[in-house]
file start19.cif (mmCIF, C-alpha atoms and all ligand atoms)
data_work
#
loop_
_atom_site.label_atom_id
_atom_site.label_comp_id
_atom_site.auth_asym_id
_atom_site.auth_seq_id
_atom_site.Cartn_x
_atom_site.Cartn_y
_atom_site.Cartn_z
CA MET Y 86 0.00 0.00 0.00
CA ARG Y 87 1.28 3.43 -0.90
CA LYS Y 88 1.05 6.29 1.53
CA PRO Y 89 -1.35 9.18 0.91
CA LYS Y 90 0.09 12.15 -0.93
CA THR Y 91 2.08 14.44 1.33
CA PHE Y 92 3.97 17.57 0.45
CA THR Y 93 7.71 17.47 0.36
CA SER Y 94 10.05 20.40 0.54
CA ARG Y 95 10.46 20.08 -3.24
CA GLU Y 96 6.75 20.55 -3.81
CA SER Y 97 4.87 23.71 -2.92
CA PRO Y 98 1.72 23.43 -0.83
CA PRO Y 99 -1.24 25.27 -2.35
CA HIS Y 100 -0.88 28.28 -0.06
CA ALA Y 101 2.73 28.97 -1.06
CA ASN Y 102 1.73 31.51 -3.67
CA LEU Y 103 -0.35 33.33 -1.09
CA ARG Y 104 2.73 33.55 1.06
CA VAL Y 105 4.64 35.24 -1.73
CA VAL Y 106 1.77 37.73 -2.14
CA PHE Y 107 1.74 38.32 1.61
CA ALA Y 108 5.48 38.95 1.67
CA LEU Y 109 5.20 41.44 -1.17
CA LEU Y 110 2.32 43.20 0.58
CA THR Y 111 4.26 43.45 3.81
CA TRP Y 112 7.18 44.85 1.92
CA SER Y 113 5.02 47.47 0.23
CA GLY Y 114 3.57 48.30 3.65
CA SER Y 115 0.88 50.73 2.73
CA LEU Y 116 -1.08 48.15 0.71
CA LEU Y 117 -1.37 45.70 3.61
CA ALA Y 118 -4.10 47.68 5.37
CA ALA Y 119 -6.23 47.47 2.26
CA LEU Y 120 -6.27 43.63 2.33
CA PRO Y 121 -6.52 42.53 6.00
CA SER Y 122 -8.64 39.46 5.22
CA LEU Y 123 -5.99 37.95 2.94
CA ALA Y 124 -3.30 38.32 5.61
CA ALA Y 125 -5.52 36.69 8.26
CA GLU Y 126 -6.30 33.66 6.04
CA GLU Y 127 -2.76 32.47 5.59
CA PRO Y 128 -2.50 29.06 7.31
CA PRO Y 129 0.73 28.09 9.04
CA PRO Y 130 2.99 25.86 6.93
CA THR Y 131 2.51 22.18 7.82
CA PRO Y 132 5.54 19.87 7.69
CA PRO Y 133 4.99 16.53 5.98
CA PRO Y 134 4.73 13.71 8.55
CA PHE Y 135 7.94 11.92 9.47
CA LEU Y 136 7.40 8.33 8.27
CA ALA Y 137 9.37 5.14 7.64
CA ARG Y 138 10.23 4.23 4.04
CA LEU Y 139 6.92 3.68 2.18
CA GLY Y 140 5.05 4.07 5.46
CA SER Y 141 1.48 5.41 5.66
CA VAL Y 142 0.16 8.28 7.74
CA PRO Y 143 -1.12 6.42 10.81
CA ASP Y 144 -4.78 6.12 11.73
CA TRP Y 145 -4.66 6.58 15.51
CA SER Y 146 -8.27 5.37 15.89
CA ARG Y 147 -6.80 1.86 15.45
CA LEU Y 148 -5.93 2.16 19.15
CA ASP Y 149 -9.56 2.86 20.19
CA PRO Y 150 -10.49 -0.81 20.78
CA TYR Y 151 -7.56 -1.12 23.21
CA GLN Y 152 -8.77 1.64 25.54
CA GLY Y 153 -8.67 0.52 29.16
CA THR Y 154 -7.23 -2.91 28.36
CA MET Y 155 -3.74 -2.57 29.89
CA THR Y 156 -2.63 -1.33 33.29
CA ARG Y 157 -0.10 1.46 33.60
CA GLU Y 158 2.34 -0.96 35.22
CA GLU Y 159 2.24 -3.44 32.35
CA PHE Y 160 2.42 -0.75 29.66
CA VAL Y 161 5.45 0.87 31.26
CA HIS Y 162 7.13 -2.49 31.79
CA LEU Y 163 6.76 -3.57 28.17
CA LEU Y 164 7.73 -0.16 26.78
CA ARG Y 165 10.88 0.13 28.89
CA HIS Y 166 11.97 -3.48 29.12
CA CYS Y 167 11.72 -4.48 25.47
CA TYR Y 168 10.47 -1.80 23.09
CA ALA Y 169 12.27 1.49 23.81
CA ARG Y 170 16.02 1.03 23.43
CA LYS Y 171 16.46 3.28 26.46
CA PRO Y 172 13.48 4.48 28.55
CA GLU Y 173 14.27 8.15 27.92
CA GLU Y 174 14.27 7.65 24.14
CA ALA Y 175 10.48 7.25 24.24
CA ASP Y 176 9.86 10.37 26.35
CA PRO Y 177 9.56 12.97 23.55
CA VAL Y 178 6.70 11.07 21.87
CA ILE Y 179 5.07 8.99 24.65
CA ARG Y 180 4.12 10.69 27.91
CA VAL Y 181 3.12 8.33 30.68
CA GLU Y 182 0.68 9.92 33.15
CA ASP Y 183 -1.06 8.35 36.15
CA ASP Y 184 -4.11 7.09 34.31
CA ARG Y 185 -3.15 7.34 30.63
CA ALA Y 186 -0.39 7.42 28.06
CA LEU Y 187 -0.32 10.42 25.76
CA ILE Y 188 1.08 9.51 22.36
CA LEU Y 189 2.15 12.30 20.03
CA LYS Y 190 0.22 11.98 16.76
CA GLN Y 191 2.69 13.77 14.48
CA SER Y 192 6.19 13.99 15.92
CA ASN Y 193 7.18 17.12 13.99
CA LEU Y 194 3.88 18.94 14.63
CA PRO Y 195 2.89 19.01 18.33
CA GLU Y 196 -0.18 21.12 17.40
CA ALA Y 197 -1.64 17.98 15.80
CA GLY Y 198 -2.19 16.77 19.37
CA TRP Y 199 -1.72 13.62 21.42
CA TYR Y 200 -3.63 10.35 21.32
CA ASP Y 201 -5.10 9.69 24.74
CA LEU Y 202 -4.72 6.00 25.72
CA ARG Y 203 -6.38 5.29 29.05
CA PHE Y 204 -4.95 2.57 31.26
CA LYS Y 205 -6.95 -0.29 32.74
CA THR Y 206 -7.98 0.42 36.30
CA GLY Y 207 -10.01 -1.64 38.75
CA SER Y 208 -13.08 -1.45 36.51
CA PRO Y 209 -14.45 -4.68 35.02
CA LEU Y 210 -13.59 -3.69 31.47
CA PRO Y 211 -12.38 -6.38 29.06
CA ASP Y 212 -8.64 -6.65 29.38
CA ARG Y 213 -7.64 -7.20 25.79
CA GLY Y 214 -8.21 -5.59 22.45
CA PRO Y 215 -8.55 -7.29 19.08
CA ASP Y 216 -5.89 -9.50 17.53
CA TYR Y 217 -6.11 -12.24 14.90
CA TRP Y 218 -3.53 -14.64 16.35
CA LYS Y 219 -4.10 -17.27 19.02
CA SER Y 220 -1.81 -18.09 21.93
CA PRO Y 221 -1.30 -21.82 22.68
CA LEU Y 222 -3.95 -21.62 25.41
CA GLU Y 223 -6.53 -20.38 22.90
CA VAL Y 224 -5.96 -23.17 20.42
CA ALA Y 225 -8.30 -26.15 20.87
CA ASP Y 226 -7.11 -28.63 23.49
CA LEU Y 227 -4.62 -31.23 22.37
CA PRO Y 228 -5.83 -34.82 22.66
CA ALA Y 229 -3.63 -36.88 24.95
CA ASN Y 230 -0.85 -38.70 23.06
CA SER Y 231 -1.58 -36.76 19.87
CA THR Y 232 0.96 -37.22 17.08
CA ARG Y 233 -0.13 -33.85 15.66
CA PRO Y 234 0.98 -31.34 18.33
CA LEU Y 235 0.56 -28.40 15.91
CA GLU Y 236 -3.08 -29.23 15.02
CA GLY Y 237 -5.23 -26.10 14.88
CA LEU Y 238 -2.31 -23.70 14.38
CA ARG Y 239 -1.85 -21.41 11.41
CA ILE Y 240 1.82 -20.74 10.69
CA ALA Y 241 3.17 -18.30 8.08
CA VAL Y 242 6.65 -19.05 6.80
CA ASP Y 243 8.41 -16.05 5.27
CA PRO Y 244 11.49 -16.97 3.21
CA GLY Y 245 13.60 -13.82 3.55
CA HIS Y 246 14.69 -11.91 0.41
CA ILE Y 247 14.17 -12.80 -3.26
CA GLY Y 248 16.18 -14.87 -5.74
CA GLY Y 249 16.62 -15.85 -9.38
CA LYS Y 250 17.01 -12.95 -11.78
CA TRP Y 251 15.92 -10.58 -9.00
CA VAL Y 252 18.99 -11.34 -6.94
CA THR Y 253 20.89 -8.40 -8.42
CA TRP Y 254 18.46 -6.00 -6.71
CA ASP Y 255 19.01 -7.70 -3.42
CA ASP Y 256 22.42 -7.36 -1.79
CA ARG Y 257 22.21 -10.80 -0.17
CA HIS Y 258 24.27 -12.80 -2.66
CA PHE Y 259 27.97 -13.34 -3.32
CA LYS Y 260 30.46 -15.63 -4.94
CA LEU Y 261 33.65 -16.71 -3.20
CA GLY Y 262 36.05 -19.05 -4.98
CA GLY Y 263 36.74 -20.34 -8.49
CA ALA Y 264 34.55 -20.49 -11.58
CA ASP Y 265 32.90 -23.78 -10.54
CA THR Y 266 31.82 -22.40 -7.15
CA LEU Y 267 28.11 -21.93 -6.56
CA GLU Y 268 27.00 -18.39 -5.83
CA VAL Y 269 25.53 -18.05 -2.34
CA ARG Y 270 22.01 -16.63 -2.63
CA GLU Y 271 20.19 -16.07 0.64
CA GLY Y 272 16.75 -15.66 -0.96
CA GLU Y 273 16.99 -19.08 -2.62
CA MET Y 274 18.39 -20.78 0.47
CA THR Y 275 15.56 -19.50 2.68
CA LEU Y 276 13.00 -20.79 0.16
CA GLN Y 277 14.55 -24.28 0.37
CA VAL Y 278 14.22 -24.24 4.17
CA ALA Y 279 10.65 -22.88 3.91
CA LYS Y 280 9.56 -25.77 1.69
CA ILE Y 281 10.99 -28.37 4.11
CA LEU Y 282 9.21 -26.61 6.97
CA ARG Y 283 5.91 -26.60 5.11
CA ARG Y 284 6.12 -30.35 4.58
CA ASP Y 285 7.17 -31.16 8.14
CA LEU Y 286 4.94 -28.72 10.05
CA THR Y 287 1.95 -29.83 7.96
CA LEU Y 288 2.61 -33.48 8.92
CA LEU Y 289 2.55 -32.31 12.54
CA GLY Y 290 -0.92 -30.81 12.08
CA ALA Y 291 -0.29 -27.12 11.32
CA GLU Y 292 -1.77 -25.18 8.43
CA VAL Y 293 1.29 -23.68 6.78
CA PHE Y 294 1.38 -20.73 4.39
CA LEU Y 295 4.44 -19.45 2.53
CA THR Y 296 4.60 -15.72 1.76
CA ARG Y 297 6.26 -16.66 -1.55
CA GLU Y 298 6.51 -19.90 -3.50
CA THR Y 299 9.06 -18.79 -6.09
CA ASN Y 300 12.13 -16.58 -6.34
CA ASP Y 301 9.99 -13.72 -7.66
CA PRO Y 302 9.05 -10.70 -5.55
CA VAL Y 303 5.60 -10.46 -3.98
CA THR Y 304 5.35 -6.69 -4.52
CA LYS Y 305 4.02 -5.30 -7.80
CA GLU Y 306 6.31 -2.28 -7.49
CA ARG Y 307 9.65 -2.15 -9.28
CA VAL Y 308 12.70 0.08 -8.99
CA GLU Y 309 11.40 2.11 -11.97
CA THR Y 310 7.96 2.69 -10.39
CA LEU Y 311 9.49 3.90 -7.13
CA GLN Y 312 11.64 6.76 -8.45
CA ASP Y 313 9.24 9.55 -7.38
CA GLU Y 314 8.72 7.97 -3.97
CA ALA Y 315 12.48 7.68 -3.52
CA ARG Y 316 13.07 11.32 -4.49
CA ALA Y 317 10.32 12.52 -2.13
CA TYR Y 318 11.63 10.36 0.74
CA VAL Y 319 15.19 11.67 0.36
CA ALA Y 320 13.92 15.26 0.35
CA ARG Y 321 11.69 14.71 3.40
CA ARG Y 322 14.71 13.38 5.30
CA GLY Y 323 16.56 16.61 4.46
CA GLN Y 324 19.18 14.80 2.37
CA ILE Y 325 20.64 16.07 -0.89
CA PRO Y 326 18.72 14.25 -3.66
CA SER Y 327 21.75 13.16 -5.70
CA PRO Y 328 21.07 10.65 -8.52
CA ALA Y 329 23.15 8.03 -6.65
CA LEU Y 330 21.16 8.44 -3.43
CA ILE Y 331 17.82 8.35 -5.26
CA ALA Y 332 18.93 5.19 -7.09
CA SER Y 333 20.02 3.41 -3.90
CA THR Y 334 16.84 4.51 -2.09
CA ALA Y 335 14.60 3.24 -4.91
CA LYS Y 336 16.50 -0.06 -4.87
CA ALA Y 337 16.03 -0.49 -1.12
CA MET Y 338 12.38 0.58 -1.44
CA PHE Y 339 11.81 -2.20 -3.97
CA ALA Y 340 13.82 -5.08 -2.51
CA ILE Y 341 13.19 -4.34 1.17
CA SER Y 342 10.39 -1.87 2.01
CA SER Y 343 7.85 -2.56 -0.71
CA GLU Y 344 8.56 -6.30 -0.72
CA ILE Y 345 8.21 -6.72 3.04
CA ARG Y 346 5.14 -4.48 3.20
CA ALA Y 347 3.48 -6.56 0.46
CA ARG Y 348 4.19 -9.70 2.51
CA GLY Y 349 2.85 -7.86 5.57
CA ASP Y 350 -0.45 -7.19 3.76
CA LEU Y 351 -0.62 -10.88 2.85
CA ILE Y 352 0.01 -11.92 6.44
CA ASN Y 353 -2.25 -9.38 8.17
CA ASP Y 354 -5.13 -9.35 5.66
CA SER Y 355 -5.25 -12.91 4.30
CA ILE Y 356 -3.18 -15.49 6.16
CA ARG Y 357 -3.73 -14.07 9.67
CA PRO Y 358 -1.48 -16.69 11.28
CA ASP Y 359 -0.89 -17.50 14.94
CA LEU Y 360 2.84 -17.26 14.32
CA ALA Y 361 5.16 -16.05 11.55
CA LEU Y 362 8.62 -17.51 10.95
CA CYS Y 363 11.00 -15.15 9.12
CA LEU Y 364 13.82 -17.24 7.68
CA HIS Y 365 17.24 -15.73 7.04
CA PHE Y 366 20.90 -16.67 6.96
CA ASP Y 367 23.34 -14.27 8.57
CA ALA Y 368 26.55 -12.85 7.09
CA SER Y 369 29.55 -11.06 8.60
CA PRO Y 370 30.43 -7.68 7.11
CA TRP Y 371 33.17 -7.52 4.49
CA PRO Y 372 34.67 -4.05 4.53
CA GLY Y 373 36.06 -2.95 1.19
CA GLY Y 374 33.28 -4.38 -0.98
CA ARG Y 375 34.88 -7.74 -1.83
CA PRO Y 376 33.42 -10.78 -0.05
CA VAL Y 377 35.83 -12.58 2.28
CA PHE Y 378 35.56 -15.52 4.65
CA ARG Y 379 35.00 -14.46 8.24
CA SER Y 380 34.95 -16.20 11.61
CA PRO Y 381 33.23 -17.08 13.86
CA ASN Y 382 30.11 -18.79 12.63
CA HIS Y 383 27.07 -18.02 14.81
CA LEU Y 384 23.36 -18.22 15.52
CA HIS Y 385 20.75 -15.84 16.93
CA LEU Y 386 16.99 -15.31 16.99
CA LEU Y 387 15.24 -11.95 17.10
CA VAL Y 388 12.09 -10.73 18.77
CA ASN Y 389 10.71 -7.26 18.02
CA GLY Y 390 11.99 -4.42 20.21
CA CYS Y 391 14.91 -2.01 20.77
CA TYR Y 392 13.33 1.04 19.08
CA SER Y 393 15.62 4.08 18.89
CA ALA Y 394 14.39 7.66 19.44
CA THR Y 395 14.48 8.26 15.68
CA GLU Y 396 12.47 5.12 14.96
CA MET Y 397 9.87 6.04 17.58
CA ALA Y 398 9.70 9.53 16.05
CA GLU Y 399 8.39 7.95 12.83
CA ASP Y 400 4.62 8.30 13.23
CA ASP Y 401 3.74 4.98 11.57
CA THR Y 402 6.50 3.07 13.38
CA ARG Y 403 5.29 4.46 16.71
CA LEU Y 404 1.73 3.25 16.10
CA GLU Y 405 2.98 -0.20 15.04
CA MET Y 406 5.10 -0.48 18.19
CA ILE Y 407 2.16 0.51 20.44
CA LEU Y 408 -0.06 -2.09 18.74
CA ARG Y 409 2.52 -4.79 19.52
CA ILE Y 410 2.62 -3.63 23.15
CA LEU Y 411 -1.18 -3.60 23.50
CA GLN Y 412 -1.48 -7.06 21.90
CA ARG Y 413 1.08 -8.36 24.43
CA ILE Y 414 3.03 -10.02 21.62
CA TYR Y 415 6.29 -9.86 23.59
CA TYR Y 416 5.40 -12.66 26.02
CA GLU Y 417 4.64 -15.08 23.20
CA GLU Y 418 7.69 -14.11 21.15
CA ILE Y 419 10.19 -14.32 23.99
CA ASP Y 420 8.96 -17.72 25.22
CA LEU Y 421 8.89 -19.15 21.71
CA ALA Y 422 12.33 -17.75 20.92
CA ASP Y 423 13.75 -19.20 24.12
CA THR Y 424 12.50 -22.71 23.37
CA VAL Y 425 13.28 -22.70 19.65
CA SER Y 426 16.77 -21.25 20.13
CA ARG Y 427 17.64 -24.28 22.27
CA THR Y 428 16.54 -26.86 19.72
CA LEU Y 429 18.15 -24.92 16.89
CA TRP Y 430 21.38 -24.81 18.87
CA LYS Y 431 21.12 -28.56 19.45
CA GLU Y 432 20.99 -29.11 15.68
CA THR Y 433 23.57 -26.54 14.59
CA ARG Y 434 25.89 -26.36 17.64
CA LEU Y 435 26.68 -22.77 16.67
CA PRO Y 436 27.92 -20.21 19.21
CA SER Y 437 25.75 -17.17 19.97
CA PHE Y 438 26.03 -13.78 18.30
CA ALA Y 439 26.08 -10.56 20.35
CA TYR Y 440 24.83 -7.03 19.60
CA ASP Y 441 26.34 -3.99 21.28
CA GLY Y 442 22.98 -2.51 22.35
CA THR Y 443 22.68 -0.08 19.43
CA SER Y 444 20.62 -1.90 16.81
CA GLY Y 445 19.89 -4.92 18.99
CA MET Y 446 19.66 -5.49 22.75
CA SER Y 447 19.29 -8.33 25.18
CA VAL Y 448 15.88 -8.67 26.87
CA SER Y 449 16.29 -12.04 28.57
CA ASP Y 450 19.03 -14.25 29.99
CA ASN Y 451 19.20 -16.30 26.79
CA ASP Y 452 22.39 -15.39 24.88
CA TYR Y 453 20.85 -16.49 21.59
CA VAL Y 454 17.80 -14.22 21.74
CA TRP Y 455 17.92 -10.49 20.97
CA ALA Y 456 15.40 -7.71 20.46
CA ARG Y 457 15.65 -5.73 17.24
CA ASN Y 458 13.26 -3.53 15.28
CA LEU Y 459 13.07 -4.77 11.70
CA LEU Y 460 10.32 -3.98 9.21
CA ALA Y 461 9.07 -7.58 9.04
CA ASN Y 462 8.95 -8.24 12.77
CA ARG Y 463 7.25 -4.87 13.26
CA VAL Y 464 4.56 -4.93 10.57
CA PHE Y 465 3.61 -8.63 10.71
CA LEU Y 466 1.04 -8.07 13.47
CA CYS Y 467 1.40 -11.41 15.25
CA PRO Y 468 4.20 -13.17 17.15
CA VAL Y 469 7.20 -13.28 14.82
CA LEU Y 470 10.31 -15.42 15.18
CA PHE Y 471 13.12 -14.00 13.09
CA PHE Y 472 15.93 -16.48 12.48
CA GLU Y 473 19.56 -15.62 11.78
CA PRO Y 474 21.52 -18.90 11.89
CA PHE Y 475 24.79 -19.56 10.01
CA CYS Y 476 27.15 -16.92 8.62
CA MET Y 477 27.00 -17.38 4.87
CA ASN Y 478 30.58 -16.15 4.49
CA HIS Y 479 31.97 -18.50 7.12
CA GLN Y 480 34.11 -21.17 5.45
CA GLU Y 481 32.12 -24.11 6.81
CA THR Y 482 28.71 -22.65 5.90
CA HIS Y 483 30.02 -21.86 2.43
CA ALA Y 484 31.27 -25.44 2.02
CA ARG Y 485 27.90 -26.82 3.16
CA VAL Y 486 26.05 -24.61 0.66
CA GLN Y 487 28.29 -26.07 -2.06
CA GLU Y 488 27.24 -29.60 -0.95
CA GLY Y 489 23.57 -28.75 -1.61
CA ALA Y 490 20.50 -30.62 -0.33
CA TYR Y 491 21.96 -34.15 -0.17
CA ARG Y 492 20.10 -37.04 1.43
CA GLY Y 493 21.23 -38.60 4.69
CA LEU Y 494 24.45 -37.57 6.40
CA ARG Y 495 27.83 -36.41 5.14
CA GLU Y 496 31.04 -35.80 6.98
CA ILE Y 497 31.69 -32.09 7.54
CA ASN Y 498 34.86 -31.23 9.46
CA GLY Y 499 34.89 -34.68 11.06
CA VAL Y 500 31.19 -34.70 12.04
CA TYR Y 501 28.35 -36.47 10.20
CA ARG Y 502 25.66 -33.93 9.46
CA LYS Y 503 22.40 -33.43 7.59
CA ASN Y 504 22.37 -30.96 4.72
CA ILE Y 505 22.29 -27.38 5.97
CA TYR Y 506 18.65 -26.76 4.94
CA GLN Y 507 17.33 -29.86 6.67
CA GLU Y 508 19.38 -29.10 9.78
CA TYR Y 509 17.94 -25.55 9.91
CA ALA Y 510 14.36 -26.79 9.42
CA ASP Y 511 14.73 -29.61 11.97
CA GLY Y 512 15.97 -27.18 14.62
CA VAL Y 513 12.93 -24.97 14.08
CA THR Y 514 10.44 -27.84 13.93
CA ALA Y 515 11.72 -29.50 17.11
CA GLY Y 516 11.39 -26.18 18.96
CA LEU Y 517 7.82 -25.57 17.82
CA VAL Y 518 6.79 -29.09 18.79
CA ARG Y 519 8.36 -28.70 22.21
CA TYR Y 520 6.81 -25.26 22.77
CA TYR Y 521 3.26 -26.18 21.78
CA ARG Y 522 3.36 -29.50 23.61
CA GLU Y 523 4.41 -27.67 26.77
CA HIS Y 524 1.99 -24.76 26.46
CA ARG Y 525 -1.20 -26.20 25.01
CA ARG Y 526 -3.91 -27.51 27.26
CA ARG Y 527 -4.45 -31.23 26.92
CA THR Y 528 -7.69 -33.12 26.89
CA ALA Y 529 -7.63 -35.31 29.96
CA PRO Y 530 -7.72 -39.09 29.22
CA GLY Y 531 -11.31 -40.27 28.91
CA GLU Y 532 -12.60 -36.74 28.26
CA ARG Y 533 -13.12 -37.17 24.55
ZN ZN W 601 18.48 -11.97 5.50
#

call {"tool": "encode", "arguments": {"input": "start19.cif", "output": "structure tokens"}}
result
Amino acid sequence: MRKPKTFTSRESPPHANLRVVFALLTWSGSLLAALPSLAAEEPPPTPPPFLARLGSVPDWSRLDPYQGTMTREEFVHLLRHCYARKPEEADPVIRVEDDRALILKQSNLPEAGWYDLRFKTGSPLPDRGPDYWKSPLEVADLPANSTRPLEGLRIAVDPGHIGGKWVTWDDRHFKLGGADTLEVREGEMTLQVAKILRRDLTLLGAEVFLTRETNDPVTKERVETLQDEARAYVARRGQIPSPALIASTAKAMFAISSEIRARGDLINDSIRPDLALCLHFDASPWPGGRPVFRSPNHLHLLVNGCYSATEMAEDDTRLEMILRILQRIYYEEIDLADTVSRTLWKETRLPSFAYDGTSGMSVSDNDYVWARNLLANRVFLCPVLFFEPFCMNHQETHARVQEGAYRGLREINGVYRKNIYQEYADGVTAGLVRYYREHRRRTAPGER
């Protein structure tokens, strides 16, 4: 979905000509008295809203159904523990009062007012607002000894990135080695894992939906159709709209923003799953532009959180964050991530990755689980597990990608292992089975 038309500093709002007239009149002095009504009509200039790339002006009435559903204590805890990177970073746009939170509607225009979100008090109001996803306790009871522990669950699997001929628009591909070496393409690797997961999770009873079945993008936009949007975005951010910057912005708008938002529409409007799995492979940076092997290899999982002051200043981002808080998605995400990280570690035996607290932060005592604000885990409005196992430019990962999706086991560095895609999928599947078996209510024997 494209955002409604807003004025950028490169476009003149309709009253700009009036302003020129007004300035001329002021300058001529004596004429001003003759036209007092014109001077009084000039509206103040309105800055365009500060939004994320391809974001929409938020509709704050989306928070109305959540009025009075969360106590002050819980709201403050979630905001400060997981969502705001530092508590004070939220202060300019979210004011917590005794009985309500005031949320700035347009961060660069305080006159636009604050949304008034009342906290739950002792009154017998319902304590939750709408959401489309179900927690394990809301899924139908699991019959004792069931071999289908995921029965009744809807799971969206999102293979990160794109592939095939589109891979050139996506920076997640590289070639390291001689002419007969396979190029590493993240968007094709994630699709392989997604297809294994669909087969296995379906056998275990889940309804599984892939956000894409092929290497093609989901979005209908293309780099060429996003040129105007890119130019406007660069100008709104106060950057110099050089051809190179517009080109790189349009590229990122296509391969990242537009693509993930299209998948978000699919997830939120059609699939409406109980859980979304965002599949990725990690990579270590290669300064200088030429891919190189890096150590160590590692694994981590992400939950949504760690919003910076600038991110919370984006009006649409702020609304999306508040919706995640009011839907209490954190509890589900952190418990799932904890369980699944353990089974994925058991399969991969990879050490943990660590963030320095800038783009990602720790929100639990699990070294493998981090909070980070990414477009997908923000706009998919359900619990999202975002996977980042294996560094693609680690020598061993690279060698395993070259081996492909072989059957059975092969010796890798002295250890017999499954192919990398099956190992990834098995780690995820084992975690989901363990989590839902532990958290779902069971039908007592003889009750059926
Ligand atoms: Zn990725």

call {"tool": "residues_around", "arguments": {"input": "start19.cif", "residues": "stretch 421-436 of chain Y", "least_positions_apart": "3", "cutoff": "10 Å", "atoms": "all atoms listed in the file", "output": "PDB file with C-alpha atoms, keeping the file's coordinate frame"}}
result
ATOM      1  CA  LEU Y 360       2.840 -17.260  14.320  1.00  0.00           C
ATOM      2  CA  PRO Y 381      33.230 -17.080  13.860  1.00  0.00           C
ATOM      3  CA  ASN Y 382      30.110 -18.790  12.630  1.00  0.00           C
ATOM      4  CA  HIS Y 383      27.070 -18.020  14.810  1.00  0.00           C
ATOM      5  CA  LEU Y 384      23.360 -18.220  15.520  1.00  0.00           C
ATOM      6  CA  HIS Y 385      20.750 -15.840  16.930  1.00  0.00           C
ATOM      7  CA  LEU Y 386      16.990 -15.310  16.990  1.00  0.00           C
ATOM      8  CA  LEU Y 387      15.240 -11.950  17.100  1.00  0.00           C
ATOM      9  CA  VAL Y 388      12.090 -10.730  18.770  1.00  0.00           C
ATOM     10  CA  TYR Y 415       6.290  -9.860  23.590  1.00  0.00           C
ATOM     11  CA  TYR Y 416       5.400 -12.660  26.020  1.00  0.00           C
ATOM     12  CA  GLU Y 417       4.640 -15.080  23.200  1.00  0.00           C
ATOM     13  CA  GLU Y 418       7.690 -14.110  21.150  1.00  0.00           C
ATOM     14  CA  ALA Y 439      26.080 -10.560  20.350  1.00  0.00           C
ATOM     15  CA  SER Y 449      16.290 -12.040  28.570  1.00  0.00           C
ATOM     16  CA  ASP Y 450      19.030 -14.250  29.990  1.00  0.00           C
ATOM     17  CA  ASN Y 451      19.200 -16.300  26.790  1.00  0.00           C
ATOM     18  CA  ASP Y 452      22.390 -15.390  24.880  1.00  0.00           C
ATOM     19  CA  TYR Y 453      20.850 -16.490  21.590  1.00  0.00           C
ATOM     20  CA  VAL Y 454      17.800 -14.220  21.740  1.00  0.00           C
ATOM     21  CA  TRP Y 455      17.920 -10.490  20.970  1.00  0.00           C
ATOM     22  CA  PRO Y 468       4.200 -13.170  17.150  1.00  0.00           C
ATOM     23  CA  VAL Y 469       7.200 -13.280  14.820  1.00  0.00           C
ATOM     24  CA  LEU Y 470      10.310 -15.420  15.180  1.00  0.00           C
ATOM     25  CA  PHE Y 471      13.120 -14.000  13.090  1.00  0.00           C
ATOM     26  CA  PHE Y 472      15.930 -16.480  12.480  1.00  0.00           C
ATOM     27  CA  PRO Y 474      21.520 -18.900  11.890  1.00  0.00           C
ATOM     28  CA  PHE Y 475      24.790 -19.560  10.010  1.00  0.00           C
ATOM     29  CA  CYS Y 476      27.150 -16.920   8.620  1.00  0.00           C
ATOM     30  CA  ARG Y 502      25.660 -33.930   9.460  1.00  0.00           C
ATOM     31  CA  LYS Y 503      22.400 -33.430   7.590  1.00  0.00           C
ATOM     32  CA  ILE Y 505      22.290 -27.380   5.970  1.00  0.00           C
ATOM     33  CA  GLN Y 507      17.330 -29.860   6.670  1.00  0.00           C
ATOM     34  CA  GLU Y 508      19.380 -29.100   9.780  1.00  0.00           C
ATOM     35  CA  TYR Y 509      17.940 -25.550   9.910  1.00  0.00           C
ATOM     36  CA  ALA Y 510      14.360 -26.790   9.420  1.00  0.00           C
ATOM     37  CA  ASP Y 511      14.730 -29.610  11.970  1.00  0.00           C
ATOM     38  CA  GLY Y 512      15.970 -27.180  14.620  1.00  0.00           C
ATOM     39  CA  VAL Y 513      12.930 -24.970  14.080  1.00  0.00           C
ATOM     40  CA  THR Y 514      10.440 -27.840  13.930  1.00  0.00           C
ATOM     41  CA  ALA Y 515      11.720 -29.500  17.110  1.00  0.00           C
ATOM     42  CA  GLY Y 516      11.390 -26.180  18.960  1.00  0.00           C
ATOM     43  CA  LEU Y 517       7.820 -25.570  17.820  1.00  0.00           C
ATOM     44  CA  VAL Y 518       6.790 -29.090  18.790  1.00  0.00           C
ATOM     45  CA  ARG Y 519       8.360 -28.700  22.210  1.00  0.00           C
ATOM     46  CA  TYR Y 520       6.810 -25.260  22.770  1.00  0.00           C
ATOM     47  CA  TYR Y 521       3.260 -26.180  21.780  1.00  0.00           C
TER      48      TYR Y 521
END

call {"tool": "closest_residue", "arguments": {"input": "start19.cif", "among": "Y:Ile497, Y:Ile414, Y:Met397, Y:Leu351", "to": "Y:Ser220", "atoms": "all atoms listed in the file"}}
result
Y:Ile414

call {"tool": "residues_near_ligand", "arguments": {"input": "start19.cif", "ligand": "ligand ZN 601 (chain W)", "cutoff": "7 Å", "atoms": "all atoms listed in the file", "output": "list in words"}}
result
Gly245, His246, Arg257, Glu271, His365, Phe366 and Asp367 of chain Y

call {"tool": "closest_residue", "arguments": {"input": "start19.cif", "among": "Y:Pro358, Y:Pro328, Y:Gly442, Y:Pro376", "to": "Y:Trp218", "atoms": "all atoms listed in the file"}}
result
Y:Pro358
